>>> print(open('structure-v6.csv').read())   # CSV, C-alpha atoms
chain,number,residue,atom,x,y,z
P,1116,MET,CA,14.7,5.4,-17.9
P,1117,LEU,CA,14.1,4.7,-14.2
P,1118,TYR,CA,10.4,4.2,-14.9
P,1119,SER,CA,11.1,1.5,-17.5
P,1120,ILE,CA,13.3,-0.6,-15.2
P,1121,GLY,CA,11.0,-0.7,-12.2
P,1122,LEU,CA,9.7,2.5,-10.8
P,1123,PRO,CA,6.5,0.9,-9.6
P,1124,SER,CA,8.5,-1.7,-7.7
P,1125,LEU,CA,10.5,1.0,-6.0
P,1126,PHE,CA,7.3,2.8,-5.1
P,1127,PHE,CA,6.0,-0.4,-3.6
P,1128,LEU,CA,9.0,-0.7,-1.4
P,1129,VAL,CA,8.9,2.9,-0.3
P,1130,ALA,CA,5.2,2.7,0.6
P,1131,PHE,CA,5.8,-0.5,2.6
P,1132,PHE,CA,8.7,0.8,4.7
P,1133,TYR,CA,7.3,4.3,5.2
P,1134,ALA,CA,3.8,2.9,6.2
P,1135,ILE,CA,5.4,0.9,9.0
P,1136,VAL,CA,6.1,4.2,10.9
P,1137,GLY,CA,2.9,6.0,9.7
P,1138,LEU,CA,4.4,7.9,6.8
P,1139,GLY,CA,3.3,8.2,3.2
P,1140,GLY,CA,6.6,8.2,1.5
P,1141,GLY,CA,6.1,11.5,-0.3
P,1142,SER,CA,9.6,12.8,0.0
P,1143,SER,CA,11.0,9.6,-1.5
P,1144,TYR,CA,8.4,9.5,-4.3
P,1145,LEU,CA,9.5,13.1,-5.1
P,1146,ALA,CA,13.2,12.0,-5.2
P,1147,LEU,CA,12.5,9.0,-7.4
P,1148,LEU,CA,10.3,11.0,-9.8
P,1149,ALA,CA,12.9,13.7,-10.0
P,1150,LEU,CA,15.7,11.1,-10.8
P,1151,ALA,CA,13.4,9.5,-13.4
P,1152,GLY,CA,13.3,12.8,-15.2
P,1153,LEU,CA,9.5,13.5,-15.1
P,1154,PRO,CA,8.3,17.1,-15.7
P,1155,PHE,CA,9.0,19.2,-12.7
P,1156,GLU,CA,5.4,20.5,-12.5
P,1157,GLN,CA,4.0,17.0,-12.4
P,1158,ILE,CA,6.2,15.6,-9.6
P,1159,PRO,CA,4.4,17.1,-6.5
P,1160,VAL,CA,1.0,16.1,-7.9
P,1161,ILE,CA,2.0,12.5,-8.3
P,1162,ALA,CA,3.7,12.3,-5.0
P,1163,LEU,CA,0.7,13.8,-3.1
P,1164,ILE,CA,-1.7,11.3,-4.8
P,1165,CYS,CA,0.5,8.4,-3.7
P,1166,ASN,CA,0.7,9.9,-0.2
P,1167,LEU,CA,-3.1,9.9,0.0
P,1168,VAL,CA,-3.3,6.3,-1.1
P,1169,VAL,CA,-0.9,5.1,1.5
P,1170,THR,CA,-1.9,7.2,4.5
P,1171,THR,CA,-5.7,6.8,4.1
P,1172,GLY,CA,-5.3,3.1,4.5
P,1173,GLY,CA,-2.6,3.4,7.1
P,1174,PHE,CA,-4.5,5.8,9.3
P,1175,TRP,CA,-7.5,3.3,9.3
P,1176,HIS,CA,-5.2,0.5,10.7
P,1177,PHE,CA,-3.7,2.7,13.4
P,1178,TYR,CA,-7.1,3.9,14.3
P,1179,ARG,CA,-8.5,0.4,14.6
P,1180,ALA,CA,-5.5,-0.6,16.7
P,1181,GLY,CA,-6.4,2.2,19.2
P,1182,PHE,CA,-3.3,4.5,18.7
P,1183,VAL,CA,-5.1,7.8,17.7
P,1184,ARG,CA,-4.9,10.6,20.2
P,1185,TRP,CA,-7.2,13.3,18.9
P,1186,ARG,CA,-6.2,15.7,21.7
P,1187,ILE,CA,-2.7,15.9,20.3
P,1188,ILE,CA,-3.6,15.6,16.6
P,1189,VAL,CA,-6.4,18.2,16.2
P,1190,PRO,CA,-4.3,21.3,17.3
P,1191,PHE,CA,-1.6,20.4,14.7
P,1192,VAL,CA,-4.0,20.0,11.8
P,1193,ALA,CA,-6.3,22.9,12.4
P,1194,LEU,CA,-4.0,25.5,10.8
P,1195,SER,CA,-2.0,23.2,8.7
P,1196,ILE,CA,-4.8,22.4,6.2
P,1197,PRO,CA,-5.4,25.9,4.8
P,1198,LEU,CA,-1.6,26.7,4.9
P,1199,ALA,CA,-0.9,23.4,3.0
P,1200,TYR,CA,-3.3,24.6,0.3
P,1201,TRP,CA,-1.6,28.0,0.2
P,1202,GLY,CA,1.8,26.4,-0.1
P,1203,GLY,CA,0.6,24.2,-2.9
P,1204,ARG,CA,-0.5,27.3,-4.9
P,1205,LEU,CA,2.9,28.9,-4.8
P,1206,THR,CA,5.6,28.3,-7.5
P,1207,ILE,CA,9.2,27.7,-6.5
P,1208,THR,CA,12.4,27.2,-8.6
P,1209,ARG,CA,13.8,23.8,-9.3
P,1210,ASP,CA,17.0,24.5,-7.2
P,1211,PHE,CA,15.0,25.6,-4.2
P,1212,PHE,CA,12.8,22.6,-4.6
P,1213,SER,CA,15.8,20.3,-4.5
P,1214,ILE,CA,17.1,21.9,-1.3
P,1215,LEU,CA,13.8,21.7,0.4
P,1216,LEU,CA,13.3,18.1,-0.7
P,1217,GLY,CA,16.8,17.1,0.4
P,1218,GLY,CA,16.1,18.6,3.8
P,1219,SER,CA,12.8,16.7,4.1
P,1220,LEU,CA,14.6,13.5,3.3
P,1221,LEU,CA,17.1,14.2,6.0
P,1222,PHE,CA,14.2,14.4,8.5
P,1223,ALA,CA,12.9,11.1,7.2
P,1224,ALA,CA,16.3,9.4,7.6
P,1225,ILE,CA,16.6,10.7,11.1
P,1226,ARG,CA,13.2,9.4,12.0
P,1227,LEU,CA,13.9,6.0,10.6
P,1228,PHE,CA,17.2,5.7,12.5
P,1229,ILE,CA,15.5,6.4,15.8
P,1230,SER,CA,14.7,3.2,17.7
P,1231,ASP,CA,11.0,2.9,18.6
P,1232,SER,CA,12.0,1.3,21.9
P,1233,ALA,CA,13.4,4.6,23.1
P,1234,PHE,CA,9.9,6.2,23.3
P,1235,LYS,CA,7.7,4.0,25.4
P,1236,SER,CA,6.5,6.4,28.1
P,1237,PRO,CA,4.9,9.6,26.7
P,1238,LYS,CA,3.9,12.3,29.2
P,1239,GLU,CA,0.5,13.8,29.6
P,1240,VAL,CA,0.1,17.1,27.7
P,1241,PRO,CA,-2.4,19.8,28.8
P,1242,TYR,CA,-4.9,20.6,26.1
P,1243,SER,CA,-4.1,24.3,26.2
P,1244,LYS,CA,-0.4,23.6,25.7
P,1245,ALA,CA,-1.2,21.3,22.8
P,1246,TRP,CA,-3.1,24.1,21.1
P,1247,ARG,CA,-0.5,26.8,21.9
P,1248,ILE,CA,2.3,24.7,20.3
P,1249,GLY,CA,0.2,22.8,17.8
P,1250,LEU,CA,-1.3,25.7,15.9
P,1251,PRO,CA,2.0,27.5,14.9
P,1252,VAL,CA,4.0,24.4,14.4
P,1253,GLY,CA,1.3,22.6,12.5
P,1254,GLY,CA,0.7,25.7,10.4
P,1255,LEU,CA,4.4,25.9,9.5
P,1256,LEU,CA,4.6,22.2,8.7
P,1257,GLY,CA,1.5,22.4,6.6
P,1258,PHE,CA,2.8,25.3,4.5
P,1259,LEU,CA,6.1,23.6,3.9
P,1260,SER,CA,4.3,20.4,3.0
P,1261,GLY,CA,2.2,22.0,0.4
P,1262,LEU,CA,5.1,24.0,-1.0
P,1263,VAL,CA,7.3,20.9,-1.5
P,1264,GLY,CA,4.6,18.3,-2.2
P,1265,ILE,CA,4.8,16.1,0.8
P,1266,GLY,CA,2.4,15.4,3.7
P,1267,GLY,CA,4.4,16.8,6.5
P,1268,GLY,CA,4.3,13.7,8.8
P,1269,ILE,CA,8.0,13.4,8.2
P,1270,PHE,CA,8.5,16.5,10.4
P,1271,LEU,CA,5.6,16.0,12.8
P,1272,GLY,CA,6.4,12.4,13.9
P,1273,PRO,CA,10.0,13.3,15.1
P,1274,ILE,CA,8.7,16.4,16.9
P,1275,LEU,CA,6.0,14.5,18.8
P,1276,ILE,CA,8.3,11.6,19.7
P,1277,LEU,CA,11.3,13.7,20.8
P,1278,SER,CA,9.0,15.8,22.9
P,1279,LYS,CA,7.7,12.6,24.5
P,1280,TRP,CA,4.1,13.6,23.9
P,1281,VAL,CA,3.3,10.2,22.3
P,1282,ASN,CA,4.8,6.8,21.9
P,1283,ALA,CA,6.1,5.4,18.6
P,1284,LYS,CA,2.8,4.0,17.4
P,1285,GLU,CA,0.7,7.0,18.5
P,1286,ALA,CA,3.2,9.2,16.5
P,1287,ALA,CA,2.6,6.9,13.5
P,1288,ALA,CA,-1.1,7.4,13.8
P,1289,ALA,CA,-0.7,11.2,14.2
P,1290,SER,CA,1.6,11.3,11.2
P,1291,SER,CA,-0.8,9.3,9.0
P,1292,PHE,CA,-3.7,11.6,9.7
P,1293,PHE,CA,-1.6,14.7,9.3
P,1294,ILE,CA,-0.2,13.5,6.0
P,1295,MET,CA,-3.6,12.4,4.7
P,1296,VAL,CA,-5.4,15.8,5.3
P,1297,ASN,CA,-2.4,18.0,4.2
P,1298,SER,CA,-1.7,15.9,1.1
P,1299,LEU,CA,-5.3,16.4,0.0
P,1300,SER,CA,-5.1,20.2,0.8
P,1301,GLY,CA,-1.7,20.5,-0.9
P,1302,LEU,CA,-2.9,18.5,-3.9
P,1303,LEU,CA,-5.9,20.9,-4.4
P,1304,GLY,CA,-3.5,23.8,-4.4
P,1305,HIS,CA,-1.1,22.2,-6.9
P,1306,LEU,CA,-4.0,21.2,-9.3
P,1307,GLY,CA,-4.5,24.9,-9.8
P,1308,LYS,CA,-1.3,25.1,-11.7
P,1309,ALA,CA,-0.7,21.5,-13.0
P,1310,SER,CA,-3.0,18.6,-14.2
P,1311,VAL,CA,-2.9,14.9,-13.4
P,1312,ASP,CA,-1.3,12.6,-15.9
P,1313,PHE,CA,-3.2,9.4,-15.2
P,1314,ALA,CA,-1.0,7.4,-17.5
P,1315,VAL,CA,1.8,7.9,-15.0
P,1316,VAL,CA,-0.3,7.9,-11.8
P,1317,LEU,CA,-2.3,4.7,-12.2
P,1318,PRO,CA,0.7,2.3,-12.7
P,1319,LEU,CA,2.1,3.7,-9.5
P,1320,ALA,CA,-1.1,3.9,-7.4
P,1321,LEU,CA,-1.6,0.1,-7.3
P,1322,PRO,CA,1.8,-0.9,-6.0
P,1323,VAL,CA,1.7,2.1,-3.5
P,1324,PHE,CA,-1.7,0.9,-2.2
P,1325,LEU,CA,-0.4,-2.7,-1.8
P,1326,GLY,CA,2.8,-1.6,-0.1
P,1327,GLY,CA,1.0,0.8,2.1
P,1328,GLN,CA,-1.5,-1.7,3.3
P,1329,MET,CA,1.1,-4.3,4.1
P,1330,GLY,CA,3.4,-1.8,5.8
P,1331,SER,CA,0.7,-0.2,7.9
P,1332,ARG,CA,-0.7,-3.5,9.0
P,1333,PHE,CA,2.8,-4.5,10.1
P,1334,GLY,CA,3.4,-1.2,11.9
P,1335,ALA,CA,0.0,-1.1,13.6
P,1336,TYR,CA,-0.2,-4.7,14.8
P,1337,ARG,CA,3.4,-5.9,15.0
P,1338,ILE,CA,6.8,-4.6,16.1
P,1339,PRO,CA,8.6,-2.8,13.3
P,1340,ASN,CA,11.8,-4.3,12.0
P,1341,THR,CA,14.5,-1.8,13.0
P,1342,GLY,CA,17.1,-3.3,10.7
P,1343,LEU,CA,15.0,-2.9,7.6
P,1344,LYS,CA,14.1,0.7,8.6
P,1345,ARG,CA,17.8,1.6,9.0
P,1346,ILE,CA,18.6,0.2,5.5
P,1347,LEU,CA,15.9,2.5,4.1
P,1348,ALA,CA,17.2,5.4,6.2
P,1349,ALA,CA,20.7,5.0,4.7
P,1350,PHE,CA,19.3,5.0,1.2
P,1351,ILE,CA,17.2,8.2,2.0
P,1352,LEU,CA,20.3,9.8,3.5
P,1353,TYR,CA,22.3,9.2,0.3
P,1354,VAL,CA,19.5,10.6,-1.9
P,1355,SER,CA,19.0,13.7,0.3
P,1356,VAL,CA,22.7,14.6,0.1
P,1357,ARG,CA,22.6,14.3,-3.7
P,1358,LEU,CA,19.5,16.5,-4.0
P,1359,ILE,CA,20.9,19.2,-1.6
P,1360,GLY,CA,24.2,19.1,-3.6
P,1361,ALA,CA,22.3,19.5,-6.9
P,1362,GLY,CA,20.3,22.5,-5.5
P,1363,LEU,CA,23.3,24.4,-4.2
>>> encode(input="structure-v6.csv", output="structure tokens")
Amino acid sequence: MLYSIGLPSLFFLVAFFYAIVGLGGGSSYLALLALAGLPFEQIPVIALICNLVVTTGGFWHFYRAGFVRWRIIVPFVALSIPLAYWGGRLTITRDFFSILLGGSLLFAAIRLFISDSAFKSPKEVPYSKAWRIGLPVGGLLGFLSGLVGIGGGIFLGPILILSKWVNAKEAAAASSFFIMVNSLSGLLGHLGKASVDFAVVLPLALPVFLGGQMGSRFGAYRIPNTGLKRILAAFILYVSVRLIGAGL
């Protein structure tokens, strides 16, 4: 029912607002698809494909704008990629899926409520420390990302920002790359147990691409609109509470 009354339009809006802060929107795609009543096995595959569409273009814009810090990004993705694939291969129950997804959405809401102006002065991080922290944290986030069907940037962005390792736009660039590679890895894992329904994916891929391009351009080259982000955060918070309640 939700699909017939404008699911592509909702996906466009999600892609636009998430792309502003370097995210793909996977957690919200999952929630919308779940509410639309799509088969449980298909939901992570569709969400991961949409994640890839948004973050591939988004990372390119943040890269062109000069916000990529490879010294920070590489340690987090090194172990996350194989663990995202492993997580994608595992099968979980619908209730557990709802709880994990609800928790992921809470992280998204928290990130969107945080004002970018609060994180303007990142501190220099020794390369050895980045690897010491990045490997286990990135691995854990990658595994959770593949398991649920998201890209993981929802978790990585707040961790980097609150640690003051990067500023807001550098966090967006890191999140975009992290989501891109882990969405691909997780998708390969999920394809081992579910196929792609192109009749569903294609009508969603175009609005997601357009929304992601517009949002990432806005986020990379202009100051994000905090008011709009907080409206989205309130919506995500509402959906996350519903999903967690449904899983308990």
>>> closest_residue(input="structure-v6.csv", among="P:Val1240, P:Ala1134, P:Leu1148, P:Leu1303", to="Ser1290 in chain P", atoms="all atoms listed in the file")
P:Ala1134
>>> atom_distance(input="structure-v6.csv", atom1="CA of Phe1182 in chain P", atom2="CA of Ala1288 in chain P")
6.1 Å
>>> atom_distance(input="structure-v6.csv", atom1="CA of Ala1335 in chain P", atom2="CA of Gly1267 in chain P")
19.8 Å
>>> residues_near_point(input="structure-v6.csv", point="(8.7, 20.2, 12.7)", cutoff="10 Å", atoms="all atoms listed in the file", output="number ranges by chain")
P: 1222, 1252-1257, 1259, 1267-1275
>>> closest_residue(input="structure-v6.csv", among="P:Ser1278, P:Ser1124, P:Ser1260, P:Gln1157", to="Ser1142 in chain P", atoms="all atoms listed in the file")
P:Ser1260
>>> residues_around(input="structure-v6.csv", residues="His1305 in chain P", least_positions_apart="3", cutoff="10 Å", atoms="all atoms listed in the file", output="PyMOL selection string")
chain P and resi 1156-1157+1159-1160+1163+1199-1206+1261-1262+1264+1299-1302+1308-1311
>>> closest_residue(input="structure-v6.csv", among="P:Leu1194, P:Ala1283, P:Val1129, P:Ala1151", to="Val1296 in chain P", atoms="all atoms listed in the file")
P:Leu1194
>>> atom_distance(input="structure-v6.csv", atom1="CA of Leu1352 in chain P", atom2="CA of Ala1146 in chain P")
11.4 Å
>>> closest_residue(input="structure-v6.csv", among="P:Gly1326, P:Gly1121, P:Pro1190, P:Gly1140", to="Asn1166 in chain P", atoms="all atoms listed in the file")
P:Gly1140
>>> closest_residue(input="structure-v6.csv", among="P:Ile1248, P:Cys1165, P:Ile1207, P:Ile1214", to="Trp1280 in chain P", atoms="all atoms listed in the file")
P:Ile1248
>>> closest_residue(input="structure-v6.csv", among="P:Leu1138, P:Pro1322, P:Phe1131, P:Leu1125", to="Ala1289 in chain P", atoms="all atoms listed in the file")
P:Leu1138
>>> residues_around(input="structure-v6.csv", residues="Trp1185 in chain P", least_positions_apart="2", cutoff="12 Å", atoms="all atoms listed in the file", output="PDB file with C-alpha atoms, keeping the file's coordinate frame")
ATOM      1  CA  TYR P1178      -7.100   3.900  14.300  1.00  0.00           C
ATOM      2  CA  GLY P1181      -6.400   2.200  19.200  1.00  0.00           C
ATOM      3  CA  PHE P1182      -3.300   4.500  18.700  1.00  0.00           C
ATOM      4  CA  VAL P1183      -5.100   7.800  17.700  1.00  0.00           C
ATOM      5  CA  ILE P1187      -2.700  15.900  20.300  1.00  0.00           C
ATOM      6  CA  ILE P1188      -3.600  15.600  16.600  1.00  0.00           C
ATOM      7  CA  VAL P1189      -6.400  18.200  16.200  1.00  0.00           C
ATOM      8  CA  PRO P1190      -4.300  21.300  17.300  1.00  0.00           C
ATOM      9  CA  PHE P1191      -1.600  20.400  14.700  1.00  0.00           C
ATOM     10  CA  VAL P1192      -4.000  20.000  11.800  1.00  0.00           C
ATOM     11  CA  ALA P1193      -6.300  22.900  12.400  1.00  0.00           C
ATOM     12  CA  TYR P1242      -4.900  20.600  26.100  1.00  0.00           C
ATOM     13  CA  ALA P1245      -1.200  21.300  22.800  1.00  0.00           C
ATOM     14  CA  TRP P1246      -3.100  24.100  21.100  1.00  0.00           C
ATOM     15  CA  VAL P1281       3.300  10.200  22.300  1.00  0.00           C
ATOM     16  CA  GLU P1285       0.700   7.000  18.500  1.00  0.00           C
ATOM     17  CA  ALA P1286       3.200   9.200  16.500  1.00  0.00           C
ATOM     18  CA  ALA P1288      -1.100   7.400  13.800  1.00  0.00           C
ATOM     19  CA  ALA P1289      -0.700  11.200  14.200  1.00  0.00           C
ATOM     20  CA  SER P1290       1.600  11.300  11.200  1.00  0.00           C
ATOM     21  CA  PHE P1292      -3.700  11.600   9.700  1.00  0.00           C
ATOM     22  CA  PHE P1293      -1.600  14.700   9.300  1.00  0.00           C
TER      23      PHE P1293
END
>>> residues_near_point(input="structure-v6.csv", point="(-9.4, 5.1, 6.8)", cutoff="12 Å", atoms="only C-alpha atoms", output="count of residues only")
20
